[in-house]
file upload-v7.tsv (TSV, C-alpha atoms)
chain	number	residue	atom	x	y	z
A	1	MET	CA	8.33	18.89	-32.43
A	2	THR	CA	10.34	15.73	-31.79
A	3	ARG	CA	12.20	14.29	-34.77
A	4	GLU	CA	11.23	10.88	-36.00
A	5	ARG	CA	14.13	8.45	-35.81
A	6	LEU	CA	16.32	8.87	-38.88
A	7	ILE	CA	16.00	5.27	-40.12
A	8	GLU	CA	12.24	5.37	-39.68
A	9	ARG	CA	12.00	8.60	-41.67
A	10	ILE	CA	14.13	7.18	-44.48
A	11	GLY	CA	11.89	4.13	-44.59
A	12	ARG	CA	8.83	6.31	-45.27
A	13	GLY	CA	9.92	7.59	-48.68
A	14	VAL	CA	12.43	9.65	-50.62
A	15	PHE	CA	14.89	11.39	-48.31
A	16	VAL	CA	16.63	14.45	-49.77
A	17	VAL	CA	20.05	15.65	-48.66
A	18	ASP	CA	21.92	18.73	-49.81
A	19	GLY	CA	24.32	19.47	-52.64
A	20	ALA	CA	27.91	20.67	-52.71
A	21	MET	CA	29.38	22.70	-49.87
A	22	GLY	CA	32.76	23.53	-51.43
A	23	THR	CA	31.17	25.06	-54.52
A	24	GLN	CA	28.99	27.28	-52.36
A	25	LEU	CA	31.89	28.36	-50.15
A	26	MET	CA	33.84	29.35	-53.26
A	27	LEU	CA	30.89	31.42	-54.47
A	28	ALA	CA	30.83	33.07	-51.05
A	29	GLY	CA	34.43	34.19	-51.50
A	30	VAL	CA	36.46	31.48	-49.76
A	31	GLU	CA	39.77	31.19	-51.60
A	32	ALA	CA	40.84	27.89	-53.14
A	33	HIS	CA	43.90	27.64	-50.88
A	34	GLU	CA	41.87	28.06	-47.69
A	35	CYS	CA	40.61	25.19	-45.56
A	36	ASN	CA	36.87	24.88	-46.21
A	37	GLU	CA	36.25	23.16	-42.90
A	38	TYR	CA	37.94	25.92	-40.92
A	39	GLN	CA	35.18	28.25	-42.09
A	40	ASN	CA	33.04	26.64	-39.36
A	41	VAL	CA	35.17	28.65	-36.94
A	42	LYS	CA	36.32	31.55	-39.10
A	43	SER	CA	33.08	32.37	-40.96
A	44	PRO	CA	30.22	30.55	-39.22
A	45	GLU	CA	27.57	32.87	-40.64
A	46	VAL	CA	28.60	31.88	-44.19
A	47	VAL	CA	28.36	28.16	-43.45
A	48	ARG	CA	25.07	28.56	-41.59
A	49	SER	CA	23.55	30.51	-44.49
A	50	ILE	CA	24.53	27.78	-46.97
A	51	HIS	CA	22.82	25.17	-44.82
A	52	ALA	CA	19.75	27.42	-44.58
A	53	ARG	CA	19.53	27.81	-48.36
A	54	TYR	CA	19.61	24.05	-48.82
A	55	PHE	CA	16.79	23.62	-46.32
A	56	GLU	CA	14.84	26.32	-48.14
A	57	ALA	CA	15.37	24.26	-51.32
A	58	GLY	CA	13.49	21.40	-49.69
A	59	CYS	CA	16.14	19.20	-48.07
A	60	ASP	CA	15.29	16.78	-45.29
A	61	ALA	CA	18.90	16.88	-44.11
A	62	VAL	CA	22.17	18.71	-44.62
A	63	LEU	CA	25.68	17.37	-44.29
A	64	THR	CA	28.05	19.09	-41.91
A	65	ASN	CA	30.92	21.10	-43.38
A	66	THR	CA	33.44	18.53	-42.12
A	67	PHE	CA	34.32	16.45	-45.20
A	68	GLY	CA	38.08	16.98	-44.65
A	69	ALA	CA	38.00	17.59	-40.91
A	70	SER	CA	39.74	14.55	-39.47
A	71	ALA	CA	43.03	15.33	-37.75
A	72	VAL	CA	44.81	13.39	-40.50
A	73	ALA	CA	43.26	15.48	-43.28
A	74	LEU	CA	43.58	18.75	-41.36
A	75	ARG	CA	47.31	18.41	-40.82
A	76	ARG	CA	47.80	19.44	-44.46
A	77	HIS	CA	46.59	22.86	-43.33
A	78	GLY	CA	48.47	22.77	-40.02
A	79	LEU	CA	45.14	22.42	-38.19
A	80	ALA	CA	45.27	18.88	-36.79
A	81	ASP	CA	45.02	20.18	-33.23
A	82	GLU	CA	41.82	22.04	-34.14
A	83	ALA	CA	39.92	18.93	-35.29
A	84	GLY	CA	37.62	18.69	-32.28
A	85	ARG	CA	36.76	22.39	-32.36
A	86	ILE	CA	36.12	22.44	-36.13
A	87	ASN	CA	33.84	19.39	-36.06
A	88	LEU	CA	31.89	20.53	-33.01
A	89	ALA	CA	31.34	23.93	-34.60
A	90	GLY	CA	30.31	22.35	-37.90
A	91	ALA	CA	27.72	20.12	-36.25
A	92	LYS	CA	26.27	22.97	-34.20
A	93	LEU	CA	25.93	25.22	-37.27
A	94	ALA	CA	24.08	22.54	-39.20
A	95	ARG	CA	21.91	21.73	-36.18
A	96	GLU	CA	20.95	25.39	-35.79
A	97	ALA	CA	19.89	25.54	-39.43
A	98	ALA	CA	17.99	22.25	-39.20
A	99	GLY	CA	16.00	23.12	-36.11
A	100	GLU	CA	14.18	20.36	-34.30
A	101	ASP	CA	12.26	18.77	-37.15
A	102	ARG	CA	14.93	18.19	-39.79
A	103	TYR	CA	18.14	16.18	-39.85
A	104	VAL	CA	21.92	16.55	-39.81
A	105	LEU	CA	24.43	14.01	-41.10
A	106	GLY	CA	28.03	14.21	-39.96
A	107	ASP	CA	30.16	14.24	-43.11
A	108	ILE	CA	33.43	12.28	-43.15
A	109	GLY	CA	35.54	12.16	-46.29
A	110	PRO	CA	38.74	10.32	-47.21
A	111	CYS	CA	41.86	11.17	-45.24
A	112	GLY	CA	43.94	11.85	-48.36
A	113	GLU	CA	46.65	9.32	-47.51
A	114	PHE	CA	47.22	5.62	-48.15
A	115	LEU	CA	47.23	3.13	-45.31
A	116	GLU	CA	50.15	0.79	-44.75
A	117	PRO	CA	51.52	-1.14	-46.55
A	118	LEU	CA	50.64	0.83	-49.71
A	119	GLY	CA	51.34	4.09	-47.89
A	120	THR	CA	52.77	5.20	-44.57
A	121	LEU	CA	49.60	5.95	-42.59
A	122	LYS	CA	49.02	3.57	-39.71
A	123	ALA	CA	45.49	2.23	-39.30
A	124	GLU	CA	45.48	3.11	-35.60
A	125	THR	CA	46.38	6.74	-36.36
A	126	LEU	CA	43.43	7.01	-38.72
A	127	ARG	CA	41.13	5.17	-36.32
A	128	GLU	CA	41.91	7.58	-33.49
A	129	ALA	CA	41.42	10.60	-35.76
A	130	ILE	CA	38.04	9.40	-37.02
A	131	LYS	CA	36.81	8.52	-33.54
A	132	GLU	CA	37.77	12.04	-32.39
A	133	GLN	CA	35.93	13.54	-35.37
A	134	ALA	CA	32.82	11.40	-34.92
A	135	SER	CA	32.66	12.07	-31.19
A	136	ALA	CA	32.77	15.84	-31.74
A	137	LEU	CA	30.07	15.62	-34.40
A	138	LEU	CA	27.84	13.61	-32.08
A	139	GLU	CA	28.38	16.15	-29.33
A	140	GLY	CA	27.27	18.84	-31.77
A	141	GLY	CA	23.99	17.07	-32.46
A	142	VAL	CA	24.22	14.99	-35.66
A	143	ASP	CA	21.56	12.33	-36.28
A	144	GLY	CA	23.83	10.01	-38.25
A	145	PHE	CA	26.93	9.92	-40.42
A	146	ILE	CA	27.78	9.70	-44.09
A	147	VAL	CA	31.23	8.47	-45.07
A	148	GLU	CA	31.73	9.84	-48.58
A	149	THR	CA	33.96	9.52	-51.63
A	150	ILE	CA	35.42	6.17	-50.61
A	151	THR	CA	37.90	4.67	-53.06
A	152	ALA	CA	39.66	2.05	-50.90
A	153	ILE	CA	37.92	-0.61	-48.84
A	154	ASP	CA	40.72	-0.85	-46.28
A	155	GLU	CA	40.22	2.82	-45.41
A	156	ALA	CA	36.44	2.35	-45.35
A	157	ALA	CA	36.82	-0.50	-42.86
A	158	VAL	CA	38.87	1.59	-40.45
A	159	VAL	CA	36.58	4.59	-40.77
A	160	LEU	CA	33.29	2.76	-40.33
A	161	GLU	CA	34.59	0.79	-37.36
A	162	ALA	CA	35.79	4.01	-35.73
A	163	VAL	CA	32.49	5.80	-36.35
A	164	HIS	CA	30.47	2.89	-34.97
A	165	SER	CA	32.65	2.88	-31.86
A	166	ALA	CA	31.84	6.56	-31.22
A	167	GLY	CA	28.07	6.12	-30.99
A	168	ASP	CA	25.03	4.08	-31.96
A	169	VAL	CA	23.59	6.04	-34.89
A	170	PRO	CA	23.13	5.12	-38.57
A	171	VAL	CA	26.17	5.29	-40.84
A	172	PHE	CA	25.84	5.62	-44.62
A	173	ALA	CA	28.68	5.06	-47.06
A	174	THR	CA	29.20	6.19	-50.65
A	175	LEU	CA	31.98	5.47	-53.12
A	176	ALA	CA	33.35	7.57	-55.99
A	177	PHE	CA	33.27	5.70	-59.30
A	178	ASP	CA	34.99	6.32	-62.63
A	179	PRO	CA	34.33	4.70	-66.01
A	180	ALA	CA	36.28	1.49	-66.68
A	181	ARG	CA	36.23	-1.16	-69.39
A	182	GLU	CA	34.77	-3.75	-67.02
A	183	GLY	CA	32.20	-1.31	-65.59
A	184	PRO	CA	32.42	1.48	-62.98
A	185	ARG	CA	35.31	1.16	-60.54
A	186	THR	CA	36.78	3.36	-57.85
A	187	MET	CA	40.30	4.75	-58.25
A	188	MET	CA	41.50	1.74	-56.24
A	189	GLY	CA	39.62	-0.76	-58.41
A	190	VAL	CA	36.65	-1.45	-56.14
A	191	SER	CA	33.53	-2.65	-57.98
A	192	PRO	CA	29.93	-2.04	-56.83
A	193	ALA	CA	29.59	-5.72	-55.94
A	194	ASP	CA	32.77	-5.73	-53.86
A	195	ALA	CA	31.65	-2.55	-52.13
A	196	VAL	CA	28.26	-3.93	-51.16
A	197	VAL	CA	29.69	-7.14	-49.71
A	198	GLN	CA	32.26	-5.28	-47.62
A	199	LEU	CA	30.07	-2.36	-46.52
A	200	VAL	CA	27.17	-4.60	-45.50
A	201	HIS	CA	29.63	-6.51	-43.33
A	202	LEU	CA	30.78	-3.21	-41.83
A	203	GLY	CA	27.25	-2.30	-40.79
A	204	ALA	CA	26.39	0.46	-43.28
A	205	ALA	CA	22.72	1.49	-43.11
A	206	GLY	CA	22.86	2.86	-46.64
A	207	ILE	CA	25.28	2.30	-49.54
A	208	GLY	CA	25.74	4.01	-52.86
A	209	PHE	CA	27.76	6.56	-54.77
A	210	ASN	CA	28.83	10.19	-54.91
A	211	CYS	CA	31.27	12.27	-56.93
A	212	GLY	CA	33.45	10.43	-59.49
A	213	THR	CA	33.68	11.14	-63.21
A	214	LEU	CA	30.64	9.39	-64.66
A	215	THR	CA	28.15	11.03	-67.00
A	216	MET	CA	24.58	11.42	-65.78
A	217	ASP	CA	23.61	8.38	-67.86
A	218	GLY	CA	26.46	6.56	-66.13
A	219	TYR	CA	25.08	7.46	-62.70
A	220	ILE	CA	21.64	6.21	-63.72
A	221	GLU	CA	23.05	2.86	-64.83
A	222	LEU	CA	25.14	2.65	-61.65
A	223	ALA	CA	22.00	3.20	-59.57
A	224	LYS	CA	20.38	0.24	-61.35
A	225	VAL	CA	23.40	-1.93	-60.54
A	226	PHE	CA	23.31	-0.98	-56.86
A	227	ALA	CA	19.55	-1.50	-56.69
A	228	VAL	CA	19.98	-5.12	-57.76
A	229	LEU	CA	22.87	-5.67	-55.35
A	230	LEU	CA	20.93	-4.20	-52.41
A	231	GLU	CA	17.60	-5.88	-53.19
A	232	ASP	CA	15.99	-7.48	-50.11
A	233	ARG	CA	18.86	-6.43	-47.84
A	234	GLY	CA	16.95	-3.69	-46.04
A	235	ILE	CA	19.70	-1.19	-46.85
A	236	ALA	CA	19.01	2.19	-48.46
A	237	LEU	CA	20.51	3.12	-51.82
A	238	VAL	CA	22.26	6.50	-51.56
A	239	ALA	CA	22.88	8.60	-54.69
A	240	GLU	CA	24.73	11.93	-54.74
A	241	PRO	CA	25.88	12.52	-58.33
A	242	ASN	CA	27.89	15.49	-59.51
A	243	ALA	CA	26.28	18.04	-61.82
A	244	GLY	CA	27.50	15.99	-64.76
A	245	ARG	CA	31.02	15.08	-65.80
A	246	PRO	CA	33.51	17.87	-65.02
A	247	GLN	CA	34.96	19.88	-67.89
A	248	LEU	CA	38.39	21.49	-67.61
A	249	VAL	CA	38.04	25.24	-68.21
A	250	ASP	CA	41.05	27.51	-67.61
A	251	GLY	CA	42.65	24.75	-65.57
A	252	ARG	CA	39.65	24.29	-63.26
A	253	ALA	CA	36.98	21.60	-63.11
A	254	THR	CA	33.71	23.16	-64.22
A	255	TYR	CA	30.22	21.69	-64.01
A	256	THR	CA	27.70	22.98	-66.54
A	257	LEU	CA	24.62	20.81	-66.02
A	258	SER	CA	21.52	22.92	-65.46
A	259	PRO	CA	19.23	22.34	-62.47
A	260	GLU	CA	16.50	20.91	-64.71
A	261	GLU	CA	18.92	18.56	-66.47
A	262	PHE	CA	20.17	17.41	-63.06
A	263	ALA	CA	16.60	16.89	-61.89
A	264	ASP	CA	15.82	14.80	-64.99
A	265	ALA	CA	18.63	12.41	-64.15
A	266	ALA	CA	17.86	12.43	-60.42
A	267	GLU	CA	14.26	11.42	-61.15
A	268	ARG	CA	15.48	8.42	-63.15
A	269	ILE	CA	17.96	7.52	-60.39
A	270	CYS	CA	15.08	7.63	-57.93
A	271	GLN	CA	12.99	5.41	-60.21
A	272	ALA	CA	15.90	2.96	-60.32
A	273	GLY	CA	15.62	2.52	-56.56
A	274	ALA	CA	17.56	5.26	-54.76
A	275	SER	CA	15.78	6.41	-51.60
A	276	ILE	CA	18.39	8.91	-50.36
A	277	LEU	CA	19.11	11.56	-52.98
A	278	GLY	CA	21.40	14.57	-53.04
A	279	GLY	CA	24.10	16.22	-55.10
A	280	CYS	CA	27.86	16.44	-55.10
A	281	CYS	CA	30.33	18.67	-56.95
A	282	GLY	CA	28.83	21.51	-58.96
A	283	THR	CA	25.36	21.25	-57.45
A	284	GLY	CA	23.76	24.02	-55.45
A	285	PRO	CA	20.41	24.86	-53.84
A	286	GLU	CA	18.87	25.44	-57.27
A	287	HIS	CA	19.76	21.88	-58.36
A	288	ILE	CA	18.33	20.42	-55.17
A	289	ALA	CA	15.14	22.50	-55.47
A	290	ALA	CA	14.61	21.27	-59.02
A	291	MET	CA	15.21	17.68	-57.89
A	292	VAL	CA	12.75	18.02	-55.00
A	293	ARG	CA	10.02	19.14	-57.40
A	294	ARG	CA	10.54	15.94	-59.41
A	295	VAL	CA	11.00	13.26	-56.76
A	296	ARG	CA	8.77	14.36	-53.89
A	297	PRO	CA	5.03	13.87	-54.26
A	298	ARG	CA	2.97	17.03	-53.96
A	299	ARG	CA	1.49	17.47	-50.52
call {"tool": "encode", "arguments": {"input": "upload-v7.tsv", "output": "structure tokens"}}
result
Amino acid sequence: MTRERLIERIGRGVFVVDGAMGTQLMLAGVEAHECNEYQNVKSPEVVRSIHARYFEAGCDAVLTNTFGASAVALRRHGLADEAGRINLAGAKLAREAAGEDRYVLGDIGPCGEFLEPLGTLKAETLREAIKEQASALLEGGVDGFIVETITAIDEAAVVLEAVHSAGDVPVFATLAFDPAREGPRTMMGVSPADAVVQLVHLGAAGIGFNCGTLTMDGYIELAKVFAVLLEDRGIALVAEPNAGRPQLVDGRATYTLSPEEFADAAERICQAGASILGGCCGTGPEHIAAMVRRVRPRR
């Protein structure tokens, strides 16, 4: 069976992506100090099985286990030289789990450093690292990309330009929002309106939110804001909320929202206008399965 083009499939109705990868790797025994992305090479069967469980939950697509797999991000683990290998392996594992009829999105997260002049990272260094990452993911068989957990527009600009230069496939972008007096803002002060203006200009095929520290009601209201901003633009609204606001338990962020509670909120986010739905921190296959039962019409 030949896959329908990704954009065409998204245009036909609700498109479900997976939940958290890091949470599932931790449950599988990966230690907190280990590099999650290196598990593509070290423990491929673990990563492949996580992808498989998400597909069993009803996903249309999974994200590759490459959130922190740019050479810039990997150098914190001493693995910068392994970037190509890690991303290629990650894409192949997800592609194997997806088969021929479902989809894979290459996942690219923030680099973890500030660009000049706020920080010391040169834009060209980041651009080269992202192009290397995107090229390896394309070689491994991804259908598109999602650039997640954006907080700074200058980084988003470099990343999206680099990804577009690697290949002609759809690129989606999501920002991480926190509560603020003037309404949700990213850590770097970016508003939803600012994000839409900039990301539309950068050629994003879908725009929205993931992660952050909002409550589920906060995510629902944020979806309504984005729906208005994206109205008549022909750009999908992407929503990947956490399993509620994190609670600090024994020094660790803990997410306690049940699958059904998550599904309740996801249904309302869908009703607000989101067409690409998934989960972020604290969500697992059970959350996605519950969401699928709510947002996908019975066949």
call {"tool": "closest_residue", "arguments": {"input": "upload-v7.tsv", "among": "A:Ala80, A:Leu175, A:Cys35, A:Val158", "to": "A:Leu237", "atoms": "only C-alpha atoms"}}
result
A:Leu175
call {"tool": "closest_atom_pairs", "arguments": {"input": "upload-v7.tsv", "of": "stretch 102-180 of chain A", "to": "stretch 41-52 of chain A", "cutoff": "12 Å", "atoms": "only C-alpha atoms", "output": "tab-separated table"}}
result
residue	atom	partner	partner_atom	distance
A:Arg102	CA	A:Ala52	CA	11.5
A:Tyr103	CA	A:His51	CA	11.3
A:Val104	CA	A:His51	CA	10.0
A:Leu105	CA	A:His51	CA	11.9
call {"tool": "closest_residue", "arguments": {"input": "upload-v7.tsv", "among": "A:Ala289, A:Val225, A:Met216, A:Cys280", "to": "A:Ala176", "atoms": "all atoms listed in the file"}}
result
A:Cys280
call {"tool": "residues_around", "arguments": {"input": "upload-v7.tsv", "residues": "A:Leu160", "least_positions_apart": "5", "cutoff": "8 Å", "atoms": "all atoms listed in the file", "output": "number ranges by chain"}}
result
A: 147, 171, 202-204
call {"tool": "atom_distance", "arguments": {"input": "upload-v7.tsv", "atom1": "atom CA of A:Glu116", "atom2": "atom CA of A:Ala134"}}
result
22.6 Å
call {"tool": "closest_residue", "arguments": {"input": "upload-v7.tsv", "among": "A:Leu63, A:Ala28, A:Cys211, A:Ile220", "to": "A:Ala272", "atoms": "all atoms listed in the file"}}
result
A:Ile220
call {"tool": "residues_near_point", "arguments": {"input": "upload-v7.tsv", "point": "(18.4, 23.0, -27.5)", "cutoff": "12 Å", "atoms": "only C-alpha atoms", "output": "PyMOL selection string"}}
result
chain A and resi 1-2+92+95-96+98-100+140-141
call {"tool": "residues_around", "arguments": {"input": "upload-v7.tsv", "residues": "A:Leu118", "least_positions_apart": "6", "cutoff": "12 Å", "atoms": "all atoms listed in the file", "output": "PDB file with C-alpha atoms, keeping the file's coordinate frame"}}
result
ATOM      1  CA  ALA A 152      39.660   2.050 -50.900  1.00  0.00           C
ATOM      2  CA  ASP A 154      40.720  -0.850 -46.280  1.00  0.00           C
ATOM      3  CA  GLU A 155      40.220   2.820 -45.410  1.00  0.00           C
ATOM      4  CA  MET A 188      41.500   1.740 -56.240  1.00  0.00           C
TER       5      MET A 188
END
call {"tool": "residues_around", "arguments": {"input": "upload-v7.tsv", "residues": "A:Ile130", "least_positions_apart": "4", "cutoff": "9 Å", "atoms": "all atoms listed in the file", "output": "ChimeraX atom specification"}}
result
/A:70-72,108,125-126,134-135,158-160,162-163,166
call {"tool": "atom_distance", "arguments": {"input": "upload-v7.tsv", "atom1": "atom CA of A:Asp217", "atom2": "atom CA of A:Gln198"}}
result
25.9 Å
call {"tool": "atom_distance", "arguments": {"input": "upload-v7.tsv", "atom1": "atom CA of A:Ala263", "atom2": "atom CA of A:Gly144"}}
result
25.7 Å
call {"tool": "closest_residue", "arguments": {"input": "upload-v7.tsv", "among": "A:Gly208, A:Ala136, A:Glu128, A:Thr213", "to": "A:Ala83", "atoms": "only C-alpha atoms"}}
result
A:Ala136
call {"tool": "closest_residue", "arguments": {"input": "upload-v7.tsv", "among": "A:Leu138, A:Val190, A:Val14, A:Ala57", "to": "A:Ser165", "atoms": "all atoms listed in the file"}}
result
A:Leu138
call {"tool": "residues_around", "arguments": {"input": "upload-v7.tsv", "residues": "A:Arg245", "least_positions_apart": "3", "cutoff": "9 Å", "atoms": "only C-alpha atoms", "output": "PyMOL selection string"}}
result
chain A and resi 212-216+242+254-257
call {"tool": "axis_aligned_box", "arguments": {"input": "upload-v7.tsv", "around": "stretch 52-69 of chain A", "padding_each_side": "4 Å", "output": "lines of an AutoDock Vina configuration file"}}
result
center_x = 25.8
center_y = 22.1
center_z = -46.1
size_x = 32.6
size_y = 19.4
size_z = 18.4
call {"tool": "residues_around", "arguments": {"input": "upload-v7.tsv", "residues": "A:Asp81", "least_positions_apart": "2", "cutoff": "12 Å", "atoms": "all atoms listed in the file", "output": "JSON, numbers by chain"}}
result
{"A": [38, 69, 70, 71, 72, 73, 74, 75, 76, 77, 78, 79, 83, 84, 85, 86, 87, 129, 132, 133]}
call {"tool": "write_last_selection", "arguments": {"input": "upload-v7.tsv", "atoms": "C-alpha atoms", "output": "CSV table (one decimal), keeping the file's coordinate frame"}}
result
chain,number,residue,atom,x,y,z
A,38,TYR,CA,37.9,25.9,-40.9
A,69,ALA,CA,38.0,17.6,-40.9
A,70,SER,CA,39.7,14.6,-39.5
A,71,ALA,CA,43.0,15.3,-37.8
A,72,VAL,CA,44.8,13.4,-40.5
A,73,ALA,CA,43.3,15.5,-43.3
A,74,LEU,CA,43.6,18.8,-41.4
A,75,ARG,CA,47.3,18.4,-40.8
A,76,ARG,CA,47.8,19.4,-44.5
A,77,HIS,CA,46.6,22.9,-43.3
A,78,GLY,CA,48.5,22.8,-40.0
A,79,LEU,CA,45.1,22.4,-38.2
A,83,ALA,CA,39.9,18.9,-35.3
A,84,GLY,CA,37.6,18.7,-32.3
A,85,ARG,CA,36.8,22.4,-32.4
A,86,ILE,CA,36.1,22.4,-36.1
A,87,ASN,CA,33.8,19.4,-36.1
A,129,ALA,CA,41.4,10.6,-35.8
A,132,GLU,CA,37.8,12.0,-32.4
A,133,GLN,CA,35.9,13.5,-35.4
call {"tool": "residues_near_point", "arguments": {"input": "upload-v7.tsv", "point": "(36.5, -3.8, -47.3)", "cutoff": "7 Å", "atoms": "all atoms listed in the file", "output": "MDAnalysis selection string"}}
result
chainID A and resid 153:154 156:157 195 198:199
call {"tool": "closest_residue", "arguments": {"input": "upload-v7.tsv", "among": "A:Gly29, A:Gly19, A:Pro259, A:Gly284", "to": "A:Asn210", "atoms": "all atoms listed in the file"}}
result
A:Gly19
call {"tool": "build_atoms", "arguments": {"input": "upload-v7.tsv", "residues": "stretch 180-204 of chain A", "atoms": "N, CA and C atoms", "output": "mmCIF file, in the frame of the given file"}}
result
data_model
loop_
_atom_site.group_PDB
_atom_site.id
_atom_site.type_symbol
_atom_site.label_atom_id
_atom_site.label_comp_id
_atom_site.auth_asym_id
_atom_site.auth_seq_id
_atom_site.Cartn_x
_atom_site.Cartn_y
_atom_site.Cartn_z
ATOM 1 N N ALA A 180 35.232 2.494 -66.435
ATOM 2 C CA ALA A 180 36.280 1.490 -66.680
ATOM 3 C C ALA A 180 35.740 0.484 -67.685
ATOM 4 N N ARG A 181 36.622 -0.208 -68.349
ATOM 5 C CA ARG A 181 36.230 -1.160 -69.390
ATOM 6 C C ARG A 181 35.291 -2.232 -68.842
ATOM 7 N N GLU A 182 35.558 -2.682 -67.613
ATOM 8 C CA GLU A 182 34.770 -3.750 -67.020
ATOM 9 C C GLU A 182 33.560 -3.227 -66.238
ATOM 10 N N GLY A 183 33.297 -1.926 -66.332
ATOM 11 C CA GLY A 183 32.200 -1.310 -65.590
ATOM 12 C C GLY A 183 32.765 -0.344 -64.554
ATOM 13 N N PRO A 184 31.933 0.468 -63.929
ATOM 14 C CA PRO A 184 32.420 1.480 -62.980
ATOM 15 C C PRO A 184 33.286 0.881 -61.879
ATOM 16 N N ARG A 185 34.396 1.555 -61.614
ATOM 17 C CA ARG A 185 35.310 1.160 -60.540
ATOM 18 C C ARG A 185 35.783 2.399 -59.815
ATOM 19 N N THR A 186 36.148 2.253 -58.553
ATOM 20 C CA THR A 186 36.780 3.360 -57.850
ATOM 21 C C THR A 186 38.231 3.481 -58.308
ATOM 22 N N MET A 187 38.886 4.550 -57.902
ATOM 23 C CA MET A 187 40.300 4.750 -58.250
ATOM 24 C C MET A 187 41.153 3.567 -57.820
ATOM 25 N N MET A 188 40.756 2.881 -56.746
ATOM 26 C CA MET A 188 41.500 1.740 -56.240
ATOM 27 C C MET A 188 40.960 0.411 -56.741
ATOM 28 N N GLY A 189 40.075 0.464 -57.758
ATOM 29 C CA GLY A 189 39.620 -0.760 -58.410
ATOM 30 C C GLY A 189 38.461 -1.472 -57.749
ATOM 31 N N VAL A 190 37.760 -0.811 -56.843
ATOM 32 C CA VAL A 190 36.650 -1.450 -56.140
ATOM 33 C C VAL A 190 35.402 -1.422 -57.034
ATOM 34 N N SER A 191 34.752 -2.563 -57.190
ATOM 35 C CA SER A 191 33.530 -2.650 -57.980
ATOM 36 C C SER A 191 32.311 -2.445 -57.074
ATOM 37 N N PRO A 192 31.145 -2.142 -57.652
ATOM 38 C CA PRO A 192 29.930 -2.040 -56.830
ATOM 39 C C PRO A 192 29.661 -3.307 -56.027
ATOM 40 N N ALA A 193 29.845 -4.465 -56.644
ATOM 41 C CA ALA A 193 29.590 -5.720 -55.940
ATOM 42 C C ALA A 193 30.524 -5.898 -54.757
ATOM 43 N N ASP A 194 31.798 -5.634 -54.965
ATOM 44 C CA ASP A 194 32.770 -5.730 -53.860
ATOM 45 C C ASP A 194 32.399 -4.768 -52.740
ATOM 46 N N ALA A 195 31.995 -3.561 -53.121
ATOM 47 C CA ALA A 195 31.650 -2.550 -52.130
ATOM 48 C C ALA A 195 30.476 -2.990 -51.278
ATOM 49 N N VAL A 196 29.445 -3.514 -51.912
ATOM 50 C CA VAL A 196 28.260 -3.930 -51.160
ATOM 51 C C VAL A 196 28.603 -5.039 -50.171
ATOM 52 N N VAL A 197 29.330 -6.039 -50.606
ATOM 53 C CA VAL A 197 29.690 -7.140 -49.710
ATOM 54 C C VAL A 197 30.439 -6.621 -48.490
ATOM 55 N N GLN A 198 31.419 -5.763 -48.715
ATOM 56 C CA GLN A 198 32.260 -5.280 -47.620
ATOM 57 C C GLN A 198 31.493 -4.300 -46.721
ATOM 58 N N LEU A 199 30.743 -3.388 -47.311
ATOM 59 C CA LEU A 199 30.070 -2.360 -46.520
ATOM 60 C C LEU A 199 28.882 -2.906 -45.744
ATOM 61 N N VAL A 200 28.216 -3.914 -46.274
ATOM 62 C CA VAL A 200 27.170 -4.600 -45.500
ATOM 63 C C VAL A 200 27.793 -5.228 -44.260
ATOM 64 N N HIS A 201 28.918 -5.886 -44.451
ATOM 65 C CA HIS A 201 29.630 -6.510 -43.330
ATOM 66 C C HIS A 201 30.044 -5.476 -42.289
ATOM 67 N N LEU A 202 30.336 -4.258 -42.743
ATOM 68 C CA LEU A 202 30.780 -3.210 -41.830
ATOM 69 C C LEU A 202 29.620 -2.446 -41.185
ATOM 70 N N GLY A 203 28.396 -2.863 -41.476
ATOM 71 C CA GLY A 203 27.250 -2.300 -40.790
ATOM 72 C C GLY A 203 26.692 -1.019 -41.366
ATOM 73 N N ALA A 204 26.928 -0.751 -42.661
ATOM 74 C CA ALA A 204 26.390 0.460 -43.280
ATOM 75 C C ALA A 204 24.873 0.360 -43.391
#
